[in-house]
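Text of structure19.txt, listed as compact mmCIF, C-alpha atoms and all ligand atoms:
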```txt
# COMPACT_ATOMS: atom_id res chain seq x y z
CA MET A 1 -23.21 0.29 -8.18
CA LEU A 2 -19.97 -1.09 -9.53
CA VAL A 3 -18.10 0.29 -6.53
CA SER A 4 -20.69 -0.84 -3.95
CA LYS A 5 -20.61 -4.36 -5.38
CA ALA A 6 -16.82 -4.47 -5.33
CA LEU A 7 -16.77 -3.20 -1.73
CA GLN A 8 -19.13 -5.99 -0.68
CA ARG A 9 -17.33 -8.68 -2.65
CA ARG A 10 -13.84 -7.89 -1.39
CA TYR A 11 -12.83 -9.30 1.94
CA ALA A 12 -9.69 -10.09 3.87
CA THR A 13 -8.65 -13.33 2.20
CA LYS A 14 -7.27 -15.78 4.74
CA SER A 15 -6.36 -18.60 2.38
CA PHE A 16 -5.12 -18.30 -1.22
CA ASP A 17 -5.18 -20.86 -4.01
CA PRO A 18 -1.45 -21.48 -4.65
CA SER A 19 -2.11 -22.88 -8.12
CA ARG A 20 -3.49 -19.64 -9.55
CA SER A 21 -1.51 -16.60 -10.71
CA LEU A 22 -2.72 -13.16 -11.66
CA PRO A 23 -2.54 -12.48 -15.41
CA PRO A 24 0.07 -9.90 -16.46
CA GLU A 25 -2.55 -7.29 -17.46
CA THR A 26 -4.09 -7.48 -13.97
CA VAL A 27 -0.68 -7.14 -12.35
CA GLN A 28 -0.06 -4.09 -14.51
CA GLN A 29 -3.29 -2.49 -13.30
CA LEU A 30 -2.26 -3.12 -9.69
CA LEU A 31 1.14 -1.54 -10.36
CA ASP A 32 -0.70 1.40 -11.96
CA ALA A 33 -2.79 1.77 -8.79
CA LEU A 34 0.39 1.92 -6.71
CA ARG A 35 2.11 4.36 -9.01
CA TRP A 36 -0.75 6.73 -9.77
CA CYS A 37 -2.06 6.98 -6.22
CA PRO A 38 -2.29 10.58 -4.96
CA SER A 39 -0.22 11.79 -2.02
CA SER A 40 0.01 15.01 -0.05
CA THR A 41 1.81 17.63 -2.19
CA ASN A 42 2.51 14.77 -4.62
CA ILE A 43 5.41 13.78 -2.38
CA GLN A 44 5.19 10.05 -3.23
CA PRO A 45 7.28 8.89 -0.27
CA TRP A 46 7.04 5.22 -1.19
CA HIS A 47 8.76 2.21 -2.62
CA PHE A 48 7.23 -1.19 -3.35
CA VAL A 49 8.89 -4.60 -3.28
CA VAL A 50 6.72 -6.76 -5.52
CA ALA A 51 7.18 -10.51 -5.15
CA ALA A 52 5.84 -12.78 -7.89
CA THR A 53 8.28 -15.69 -7.59
CA ALA A 54 8.42 -18.40 -4.93
CA ASP A 55 11.82 -17.06 -3.92
CA GLY A 56 10.55 -13.48 -3.63
CA LYS A 57 7.54 -14.55 -1.57
CA ALA A 58 9.78 -16.67 0.68
CA ARG A 59 11.90 -13.58 1.35
CA ILE A 60 8.83 -11.55 2.38
CA ALA A 61 7.57 -14.51 4.44
CA LYS A 62 10.68 -14.15 6.62
CA GLY A 63 8.75 -11.26 8.17
CA ALA A 64 5.97 -13.63 9.18
CA ALA A 65 7.86 -15.75 11.70
CA GLY A 66 7.06 -16.15 15.39
CA PRO A 67 4.01 -14.14 16.47
CA TYR A 68 3.19 -13.38 12.85
CA SER A 69 3.28 -16.98 11.62
CA TYR A 70 -0.50 -16.84 11.07
CA ASN A 71 0.29 -14.74 8.01
CA GLU A 72 3.01 -16.95 6.54
CA ALA A 73 0.85 -19.17 4.32
CA LYS A 74 -1.02 -16.13 2.96
CA ILE A 75 2.29 -14.72 1.74
CA LEU A 76 3.57 -18.01 0.33
CA ASN A 77 0.33 -19.03 -1.42
CA ALA A 78 -0.73 -15.69 -2.87
CA SER A 79 0.04 -14.96 -6.50
CA HIS A 80 1.77 -11.65 -5.74
CA VAL A 81 2.84 -9.92 -2.55
CA VAL A 82 3.55 -6.21 -2.31
CA LEU A 83 5.68 -4.93 0.54
CA MET A 84 4.80 -1.27 0.92
CA CYS A 85 7.70 0.82 2.19
CA SER A 86 7.90 4.42 3.32
CA ARG A 87 10.75 6.89 3.15
CA VAL A 88 11.89 7.62 6.70
CA ALA A 89 12.68 11.24 5.80
CA ILE A 90 12.52 13.57 2.84
CA ASP A 91 15.79 14.96 1.56
CA ASP A 92 16.51 17.54 -1.10
CA ALA A 93 17.32 14.83 -3.65
CA HIS A 94 13.80 13.40 -3.29
CA LEU A 95 12.18 16.83 -3.55
CA GLN A 96 14.17 17.49 -6.72
CA GLN A 97 13.19 14.10 -8.15
CA VAL A 98 9.49 14.86 -7.68
CA LEU A 99 9.90 18.33 -9.16
CA ALA A 100 11.73 16.88 -12.17
CA ALA A 101 8.91 14.34 -12.72
CA GLU A 102 6.34 17.15 -12.65
CA GLU A 103 8.45 19.19 -15.04
CA GLN A 104 8.85 16.23 -17.40
CA ALA A 105 5.10 15.59 -17.32
CA GLY A 106 4.60 19.13 -18.63
CA ARG A 107 2.92 20.69 -15.60
CA PHE A 108 4.92 23.92 -15.67
CA THR A 109 4.31 25.25 -19.14
CA ASP A 110 1.77 27.99 -18.48
CA LYS A 111 3.38 30.22 -15.81
CA PRO A 112 7.09 31.00 -15.56
CA ASP A 113 7.12 30.56 -11.76
CA ALA A 114 4.93 27.42 -11.66
CA ALA A 115 7.82 25.05 -10.87
CA ALA A 116 9.14 27.30 -8.11
CA MET A 117 5.66 27.55 -6.60
CA ALA A 118 5.07 23.79 -6.67
CA HIS A 119 8.44 23.24 -5.02
CA ALA A 120 7.82 25.94 -2.41
CA THR A 121 4.43 24.46 -1.49
CA ARG A 122 5.95 21.02 -1.01
CA VAL A 123 8.82 22.39 1.06
CA SER A 124 6.42 24.39 3.19
CA TYR A 125 4.20 21.36 3.96
CA HIS A 126 7.29 19.31 4.69
CA ASN A 127 8.54 22.00 7.08
CA VAL A 128 5.21 22.09 8.92
CA HIS A 129 5.65 18.39 9.64
CA ARG A 130 9.36 18.76 10.45
CA PHE A 131 9.27 21.77 12.72
CA ASP A 132 5.70 22.44 13.90
CA LYS A 133 4.03 19.05 14.13
CA LYS A 134 7.29 17.07 14.43
CA ASP A 135 5.63 14.08 12.80
CA VAL A 136 7.38 13.63 9.44
CA SER A 137 7.57 9.82 9.59
CA HIS A 138 3.92 9.67 10.66
CA TRP A 139 2.90 12.00 7.83
CA LEU A 140 4.83 9.90 5.31
CA GLU A 141 3.34 6.68 6.65
CA LYS A 142 -0.17 8.13 6.19
CA GLN A 143 0.56 8.36 2.48
CA ILE A 144 1.43 4.65 2.44
CA TYR A 145 -1.92 3.81 4.07
CA LEU A 146 -3.70 5.95 1.50
CA ASN A 147 -1.95 3.92 -1.18
CA LEU A 148 -2.96 0.73 0.62
CA GLY A 149 -6.62 1.76 0.42
CA ASN A 150 -6.22 2.60 -3.24
CA LEU A 151 -4.66 -0.80 -3.92
CA LEU A 152 -7.39 -2.70 -2.05
CA LEU A 153 -10.15 -0.87 -3.88
CA THR A 154 -8.43 -1.51 -7.21
CA ALA A 155 -8.10 -5.21 -6.39
CA GLY A 156 -11.80 -5.28 -5.50
CA LEU A 157 -12.76 -3.61 -8.76
CA LEU A 158 -10.63 -6.11 -10.66
CA ASP A 159 -12.45 -8.99 -8.95
CA ILE A 160 -9.31 -10.35 -7.40
CA ASP A 161 -8.68 -11.27 -3.79
CA ALA A 162 -6.36 -9.57 -1.35
CA VAL A 163 -5.43 -9.23 2.29
CA PRO A 164 -3.52 -6.38 3.88
CA LEU A 165 -0.90 -7.61 6.35
CA GLU A 166 0.15 -5.43 9.24
CA GLY A 167 1.10 -8.61 11.05
CA ILE A 168 4.68 -8.66 9.80
CA ASN A 169 7.99 -7.96 11.47
CA THR A 170 9.07 -4.78 9.71
CA GLN A 171 12.56 -4.83 11.27
CA VAL A 172 13.24 -8.26 9.79
CA LEU A 173 12.03 -7.04 6.38
CA ASP A 174 14.06 -3.83 6.61
CA ALA A 175 17.12 -6.03 7.06
CA GLU A 176 16.11 -8.59 4.40
CA PHE A 177 15.78 -5.92 1.70
CA ASP A 178 18.43 -3.54 3.08
CA LEU A 179 15.76 -0.86 3.22
CA ASN A 180 17.22 1.42 5.91
CA ALA A 181 20.38 1.98 3.86
CA ARG A 182 18.12 3.35 1.11
CA GLY A 183 16.24 5.63 3.51
CA LEU A 184 13.23 3.31 3.55
CA THR A 185 11.33 1.23 6.07
CA ALA A 186 8.73 -1.52 5.60
CA VAL A 187 5.19 -0.54 6.67
CA VAL A 188 2.62 -3.07 5.52
CA ALA A 189 2.33 -5.93 3.03
CA VAL A 190 -0.54 -6.94 0.75
CA ALA A 191 -1.04 -10.47 -0.55
CA LEU A 192 -3.00 -10.66 -3.81
CA GLY A 193 -4.37 -13.53 -5.84
CA TYR A 194 -7.33 -15.85 -5.77
CA ARG A 195 -9.08 -17.27 -2.71
CA ALA A 196 -8.81 -20.98 -1.90
CA ALA A 197 -12.11 -22.85 -2.27
CA ASP A 198 -12.13 -23.56 1.48
CA ASP A 199 -11.33 -20.07 2.76
CA PHE A 200 -13.56 -19.81 5.84
CA ASN A 201 -13.62 -16.03 5.67
CA ALA A 202 -15.21 -15.92 2.22
CA ALA A 203 -18.46 -17.33 3.59
CA LEU A 204 -18.70 -15.07 6.62
CA PRO A 205 -20.88 -11.98 6.41
CA LYS A 206 -19.24 -8.60 6.44
CA ALA A 207 -19.61 -6.68 9.71
CA ARG A 208 -19.48 -2.93 10.07
CA LEU A 209 -20.77 -0.38 12.58
CA ALA A 210 -24.27 0.90 11.84
CA ALA A 211 -24.48 3.77 9.39
CA ASP A 212 -26.16 6.03 11.93
CA ALA A 213 -23.28 5.47 14.32
CA ILE A 214 -20.62 6.61 11.88
CA PHE A 215 -22.27 9.32 9.76
CA THR A 216 -23.35 12.79 10.79
CA LEU A 217 -25.35 13.98 7.83
CA ILE A 218 -25.90 17.74 7.89
C1 LIG B 301 -4.11 -2.07 7.81
C2 LIG B 301 -4.68 -3.46 7.90
C3 LIG B 301 -3.91 -4.49 8.41
C4 LIG B 301 -4.40 -5.79 8.46
N1 LIG B 301 -3.57 -6.81 8.87
C5 LIG B 301 -4.02 -8.10 8.79
C6 LIG B 301 -3.15 -9.19 9.07
O1 LIG B 301 -1.97 -9.03 9.42
N2 LIG B 301 -3.62 -10.45 8.89
C7 LIG B 301 -4.90 -10.70 8.50
O2 LIG B 301 -5.28 -11.86 8.35
N3 LIG B 301 -5.77 -9.68 8.26
C8 LIG B 301 -5.36 -8.39 8.38
N4 LIG B 301 -6.21 -7.34 8.09
C9 LIG B 301 -7.62 -7.64 7.71
C10 LIG B 301 -8.67 -7.02 8.65
O3 LIG B 301 -8.79 -7.77 9.81
C11 LIG B 301 -9.97 -6.91 7.87
O4 LIG B 301 -9.77 -6.05 6.78
C12 LIG B 301 -11.13 -6.38 8.71
O5 LIG B 301 -11.47 -7.30 9.72
C13 LIG B 301 -12.37 -6.10 7.87
O6 LIG B 301 -12.80 -7.24 7.18
P1 LIG B 301 -12.90 -7.33 5.59
O7 LIG B 301 -11.58 -6.82 5.02
O8 LIG B 301 -13.08 -8.79 5.31
O9 LIG B 301 -14.03 -6.48 5.14
C14 LIG B 301 -5.73 -6.05 8.05
C15 LIG B 301 -6.50 -5.00 7.55
C16 LIG B 301 -5.98 -3.73 7.45
C17 LIG B 301 -6.83 -2.65 6.82
```
Please, can you express the file's structure as structure tokens?
Amino acid sequence: MLVSKALQRRYATKSFDPSRSLPPETVQQLLDALRWCPSSTNIQPWHFVVAATADGKARIAKGAAGPYSYNEAKILNASHVVLMCSRVAIDDAHLQQVLAAEEQAGRFTDKPDAAAMAHATRVSYHNVHRFDKKDVSHWLEKQIYLNLGNLLLTAGLLDIDAVPLEGINTQVLDAEFDLNARGLTAVVAVALGYRAADDFNAALPKARLAADAIFTLI
């Protein structure tokens, strides 16, 4: 029931209360959600720019100019804004970094070839997307969206408000944070905090397709 209630309570917050900030322990739980999210072969192709200051939020709001200006106030008035970035490609250095993290966590103690097998599995999945499906950037971006879902659910369970923001100019943000030089690109942002008392969207009912239209129960 806890999850169902959180899913009903959460909604895309259109207006944040600029006077309220998330407490540090809540922020830590959100960072935990980002960090501990699963990903295909544990590849973790992400990086997060987390803005908590007015200056940091103003920098992310540069991506909400022109056609995206409807998102600007959400970014500026939220307590925290996370810019979720994806690696544009996977190189050997990244694969070795993941392997080293798994080794350090103690995952390879039981079988002598466990590390080699984990690495080989990851390389083989990566190669399927490089050479067969030719969709590496798409595959990596899927992992970011998985993390987005994880973050939104976590925010809901923590009783805090959030809105995902695809309405941002990712090229502007790539330049603002020099992301391309680090092999990264901006994908989506999430504004987090507390709803303003007059947020029109808080009062609207949630709308979803009928259950019998989306489930085939067999
Ligand atoms: C990937 C994604 C991107 C979104 N981008 C925006 C956005 O740029 N601005 C905005 O106000 N809402 C945005 N939304 C909110 C959706 O419109 C909203 O989640 C959807 O209508 C369902 O409503 P609910 O979240 O209130 O249940 C986005 C949602 C998702 C999942």
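Residues of protein, DNA or RNA having any atom at most 7 Å from ligand LIG 301 (chain B), counting all atoms listed in the file, are Arg10, Tyr11, Ala12, Lys14, Asn71, Val163, Pro164, Leu165, Glu166, Gly167, Ile168 and Lys206 of chain A.
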Task: Minimum-distance residue to Ala52 in chain A, chosen among A:Lys111, A:Arg35, A:His80, A:His126 (using all atoms listed in the file) - done: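 Checking each of A:Lys111, A:Arg35, A:His80, A:His126 against Ala52 in chain A, counting all atoms listed in the file, the winner is A:His80.
The set of protein, DNA and RNA residues with any counted atom at most 10 Å from (-17.8, -5.9, -1.6) (all atoms listed in the file) reads Leu2, Val3, Ser4, Lys5, Ala6, Leu7, Gln8, Arg9, Arg10, Tyr11, Leu153, Gly156, Leu157, Asp159 and Lys206 of chain A.
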TODO: Please indicate the distance in Å from CA of Asp32 in chain A to CA of Leu152 in chain A, rounded to one decimal place.
DONE: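 That distance, rounded to one decimal, is 12.6 Å.
Between CA of Met84 in chain A and CA of Leu31 in chain A there is a distance of 11.9 Å.
With only C-alpha atoms as the atoms that count, the minimum distance from Ala115 in chain A to the choices A:Ala101, A:Leu173, A:Val136, A:Leu83 is reached by A:Ala101.
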Open item on the list: I need the residue nearest His138 in chain A from this list: A:Ser86, A:Ser39, A:Ser124, A:Gln28. Use all atoms listed in the file for the distance.
Closed with: A:Ser86
Open item on the list: Taking only C-alpha atoms into account, name the residue in A:Pro67, A:Pro205, A:Gly106, A:Gly193 that is nearest to Asn169 in chain A.
Closed with: A:Pro67
Give me, as a tab-separated table (two decimals) with C-alpha atoms, in the coordinates of the input, all polymer residues having an atom no more than 9 Å from Thr26 in chain A, counting all atoms listed in the file and skipping those fewer than 6 positions away in the same chain.
```tsv
chain	number	residue	atom	x	y	z
A	155	ALA	CA	-8.10	-5.21	-6.39
A	158	LEU	CA	-10.63	-6.11	-10.66
A	160	ILE	CA	-9.31	-10.35	-7.40
```
With a distance cut-off of 9 Å and all atoms listed in the file, select the neighbouring residues of Arg59 in chain A, excluding the residue or stretch itself and same-chain residues fewer than 4 positions from it, and output the selection as an mmCIF file with C-alpha atoms, in the frame of the given file.
```
data_model
loop_
_atom_site.group_PDB
_atom_site.id
_atom_site.type_symbol
_atom_site.label_atom_id
_atom_site.label_comp_id
_atom_site.auth_asym_id
_atom_site.auth_seq_id
_atom_site.Cartn_x
_atom_site.Cartn_y
_atom_site.Cartn_z
ATOM 1 C CA ALA A 51 7.180 -10.510 -5.150
ATOM 2 C CA ALA A 54 8.420 -18.400 -4.930
ATOM 3 C CA ASP A 55 11.820 -17.060 -3.920
ATOM 4 C CA GLY A 63 8.750 -11.260 8.170
ATOM 5 C CA LEU A 173 12.030 -7.040 6.380
ATOM 6 C CA GLU A 176 16.110 -8.590 4.400
ATOM 7 C CA PHE A 177 15.780 -5.920 1.700
#
```
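Closest approach to Gln44 in chain A among A:Phe108, A:Tyr194, A:Tyr68, A:Trp139 is made by A:Trp139 (distances from only C-alpha atoms).
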Task: Counting all atoms listed in the file, the residue of A:Thr121, A:Phe131, A:Ile43, A:Ala189 that sits nearest Gln97 in chain A - done: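 Closest to Gln97 in chain A, using all atoms listed in the file: A:Ile43.
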Can you pull range 91-195 of chain A out of that block with C-alpha atoms and hand it back as a PDB file, in the first residue's frame?
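Now in selection-v5.pdb:
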```pdb
ATOM      1  CA  ASP A  91      35.599   3.161 -23.540  1.00  0.00           C
ATOM      2  CA  ASP A  92      37.980   0.693 -21.954  1.00  0.00           C
ATOM      3  CA  ALA A  93      38.730   3.105 -19.096  1.00  0.00           C
ATOM      4  CA  HIS A  94      35.047   3.098 -18.090  1.00  0.00           C
ATOM      5  CA  LEU A  95      34.795  -0.691 -18.325  1.00  0.00           C
ATOM      6  CA  GLN A  96      37.880  -0.988 -16.105  1.00  0.00           C
ATOM      7  CA  GLN A  97      36.441   1.509 -13.616  1.00  0.00           C
ATOM      8  CA  VAL A  98      33.251  -0.550 -13.250  1.00  0.00           C
ATOM      9  CA  LEU A  99      35.239  -3.760 -12.909  1.00  0.00           C
ATOM     10  CA  ALA A 100      37.441  -2.177 -10.242  1.00  0.00           C
ATOM     11  CA  ALA A 101      34.354  -1.042  -8.288  1.00  0.00           C
ATOM     12  CA  GLU A 102      32.953  -4.578  -8.405  1.00  0.00           C
ATOM     13  CA  GLU A 103      36.294  -5.973  -7.302  1.00  0.00           C
ATOM     14  CA  GLN A 104      36.538  -3.475  -4.446  1.00  0.00           C
ATOM     15  CA  ALA A 105      33.004  -4.328  -3.335  1.00  0.00           C
ATOM     16  CA  GLY A 106      34.144  -7.930  -2.923  1.00  0.00           C
ATOM     17  CA  ARG A 107      32.097  -9.558  -5.675  1.00  0.00           C
ATOM     18  CA  PHE A 108      34.909 -11.733  -7.020  1.00  0.00           C
ATOM     19  CA  THR A 109      36.009 -13.690  -3.995  1.00  0.00           C
ATOM     20  CA  ASP A 110      34.405 -17.075  -4.641  1.00  0.00           C
ATOM     21  CA  LYS A 111      35.593 -18.090  -8.142  1.00  0.00           C
ATOM     22  CA  PRO A 112      39.025 -17.327  -9.591  1.00  0.00           C
ATOM     23  CA  ASP A 113      37.585 -16.357 -12.999  1.00  0.00           C
ATOM     24  CA  ALA A 114      34.616 -14.330 -11.654  1.00  0.00           C
ATOM     25  CA  ALA A 115      36.140 -10.939 -12.552  1.00  0.00           C
ATOM     26  CA  ALA A 116      37.046 -12.064 -16.059  1.00  0.00           C
ATOM     27  CA  MET A 117      33.528 -13.424 -16.564  1.00  0.00           C
ATOM     28  CA  ALA A 118      31.843 -10.238 -15.350  1.00  0.00           C
ATOM     29  CA  HIS A 119      34.053  -8.189 -17.644  1.00  0.00           C
ATOM     30  CA  ALA A 120      33.447 -10.500 -20.608  1.00  0.00           C
ATOM     31  CA  THR A 121      29.673 -10.333 -20.136  1.00  0.00           C
ATOM     32  CA  ARG A 122      29.754  -6.542 -20.089  1.00  0.00           C
ATOM     33  CA  VAL A 123      31.995  -6.374 -23.144  1.00  0.00           C
ATOM     34  CA  SER A 124      29.763  -8.810 -24.996  1.00  0.00           C
ATOM     35  CA  TYR A 125      26.574  -6.795 -24.296  1.00  0.00           C
ATOM     36  CA  HIS A 126      28.392  -3.620 -25.267  1.00  0.00           C
ATOM     37  CA  ASN A 127      29.511  -5.242 -28.533  1.00  0.00           C
ATOM     38  CA  VAL A 128      25.953  -6.341 -29.345  1.00  0.00           C
ATOM     39  CA  HIS A 129      24.917  -2.692 -29.151  1.00  0.00           C
ATOM     40  CA  ARG A 130      28.021  -1.473 -31.013  1.00  0.00           C
ATOM     41  CA  PHE A 131      28.098  -3.919 -33.884  1.00  0.00           C
ATOM     42  CA  ASP A 132      24.751  -5.734 -34.180  1.00  0.00           C
ATOM     43  CA  LYS A 133      22.123  -3.261 -33.045  1.00  0.00           C
ATOM     44  CA  LYS A 134      24.259  -0.152 -33.680  1.00  0.00           C
ATOM     45  CA  ASP A 135      22.420   1.691 -30.928  1.00  0.00           C
ATOM     46  CA  VAL A 136      24.996   2.283 -28.180  1.00  0.00           C
ATOM     47  CA  SER A 137      23.902   5.839 -27.362  1.00  0.00           C
ATOM     48  CA  HIS A 138      20.260   4.730 -27.313  1.00  0.00           C
ATOM     49  CA  TRP A 139      21.102   1.798 -25.033  1.00  0.00           C
ATOM     50  CA  LEU A 140      23.019   4.079 -22.677  1.00  0.00           C
ATOM     51  CA  GLU A 141      20.213   6.629 -22.648  1.00  0.00           C
ATOM     52  CA  LYS A 142      17.744   3.891 -21.653  1.00  0.00           C
ATOM     53  CA  GLN A 143      19.761   3.415 -18.489  1.00  0.00           C
ATOM     54  CA  ILE A 144      19.360   7.124 -17.703  1.00  0.00           C
ATOM     55  CA  TYR A 145      15.578   6.831 -18.068  1.00  0.00           C
ATOM     56  CA  LEU A 146      15.584   3.820 -15.780  1.00  0.00           C
ATOM     57  CA  ASN A 147      17.424   5.952 -13.238  1.00  0.00           C
ATOM     58  CA  LEU A 148      14.888   8.732 -13.780  1.00  0.00           C
ATOM     59  CA  GLY A 149      12.062   6.351 -12.871  1.00  0.00           C
ATOM     60  CA  ASN A 150      13.968   5.197  -9.816  1.00  0.00           C
ATOM     61  CA  LEU A 151      14.502   8.800  -8.709  1.00  0.00           C
ATOM     62  CA  LEU A 152      10.838   9.748  -9.194  1.00  0.00           C
ATOM     63  CA  LEU A 153       9.625   6.746  -7.230  1.00  0.00           C
ATOM     64  CA  THR A 154      12.107   7.495  -4.455  1.00  0.00           C
ATOM     65  CA  ALA A 155      10.933  11.118  -4.315  1.00  0.00           C
ATOM     66  CA  GLY A 156       7.342   9.881  -4.112  1.00  0.00           C
ATOM     67  CA  LEU A 157       8.170   7.505  -1.281  1.00  0.00           C
ATOM     68  CA  LEU A 158       9.923  10.332   0.562  1.00  0.00           C
ATOM     69  CA  ASP A 159       6.804  12.504   0.239  1.00  0.00           C
ATOM     70  CA  ILE A 160       8.588  15.181  -1.691  1.00  0.00           C
ATOM     71  CA  ASP A 161       7.592  16.794  -4.959  1.00  0.00           C
ATOM     72  CA  ALA A 162       9.311  16.500  -8.299  1.00  0.00           C
ATOM     73  CA  VAL A 163       8.966  17.084 -12.002  1.00  0.00           C
ATOM     74  CA  PRO A 164      11.001  15.464 -14.757  1.00  0.00           C
ATOM     75  CA  LEU A 165      12.048  17.959 -17.423  1.00  0.00           C
ATOM     76  CA  GLU A 166      12.654  16.812 -20.963  1.00  0.00           C
ATOM     77  CA  GLY A 167      11.846  20.340 -22.049  1.00  0.00           C
ATOM     78  CA  ILE A 168      15.420  21.580 -21.864  1.00  0.00           C
ATOM     79  CA  ASN A 169      17.972  22.473 -24.496  1.00  0.00           C
ATOM     80  CA  THR A 170      20.553  19.737 -24.006  1.00  0.00           C
ATOM     81  CA  GLN A 171      23.060  21.358 -26.381  1.00  0.00           C
ATOM     82  CA  VAL A 172      23.087  24.529 -24.292  1.00  0.00           C
ATOM     83  CA  LEU A 173      23.606  22.445 -21.133  1.00  0.00           C
ATOM     84  CA  ASP A 174      26.335  20.337 -22.745  1.00  0.00           C
ATOM     85  CA  ALA A 175      28.175  23.595 -23.409  1.00  0.00           C
ATOM     86  CA  GLU A 176      27.406  25.140 -19.995  1.00  0.00           C
ATOM     87  CA  PHE A 177      28.910  22.182 -18.126  1.00  0.00           C
ATOM     88  CA  ASP A 178      31.520  21.249 -20.754  1.00  0.00           C
ATOM     89  CA  LEU A 179      29.963  17.790 -20.867  1.00  0.00           C
ATOM     90  CA  ASN A 180      31.032  16.683 -24.356  1.00  0.00           C
ATOM     91  CA  ALA A 181      34.713  17.091 -23.468  1.00  0.00           C
ATOM     92  CA  ARG A 182      34.123  14.562 -20.670  1.00  0.00           C
ATOM     93  CA  GLY A 183      32.353  12.116 -22.984  1.00  0.00           C
ATOM     94  CA  LEU A 184      28.942  13.070 -21.585  1.00  0.00           C
ATOM     95  CA  THR A 185      25.731  14.603 -22.845  1.00  0.00           C
ATOM     96  CA  ALA A 186      22.730  16.029 -20.974  1.00  0.00           C
ATOM     97  CA  VAL A 187      19.545  13.925 -21.260  1.00  0.00           C
ATOM     98  CA  VAL A 188      16.879  15.071 -18.824  1.00  0.00           C
ATOM     99  CA  ALA A 189      16.595  17.191 -15.680  1.00  0.00           C
ATOM    100  CA  VAL A 190      14.541  16.666 -12.525  1.00  0.00           C
ATOM    101  CA  ALA A 191      13.438  19.499 -10.251  1.00  0.00           C
ATOM    102  CA  LEU A 192      12.795  18.429  -6.645  1.00  0.00           C
ATOM    103  CA  GLY A 193      11.392  20.213  -3.634  1.00  0.00           C
ATOM    104  CA  TYR A 194       8.018  21.195  -2.278  1.00  0.00           C
ATOM    105  CA  ARG A 195       4.955  22.259  -4.252  1.00  0.00           C
TER     106      ARG A 195
END
```
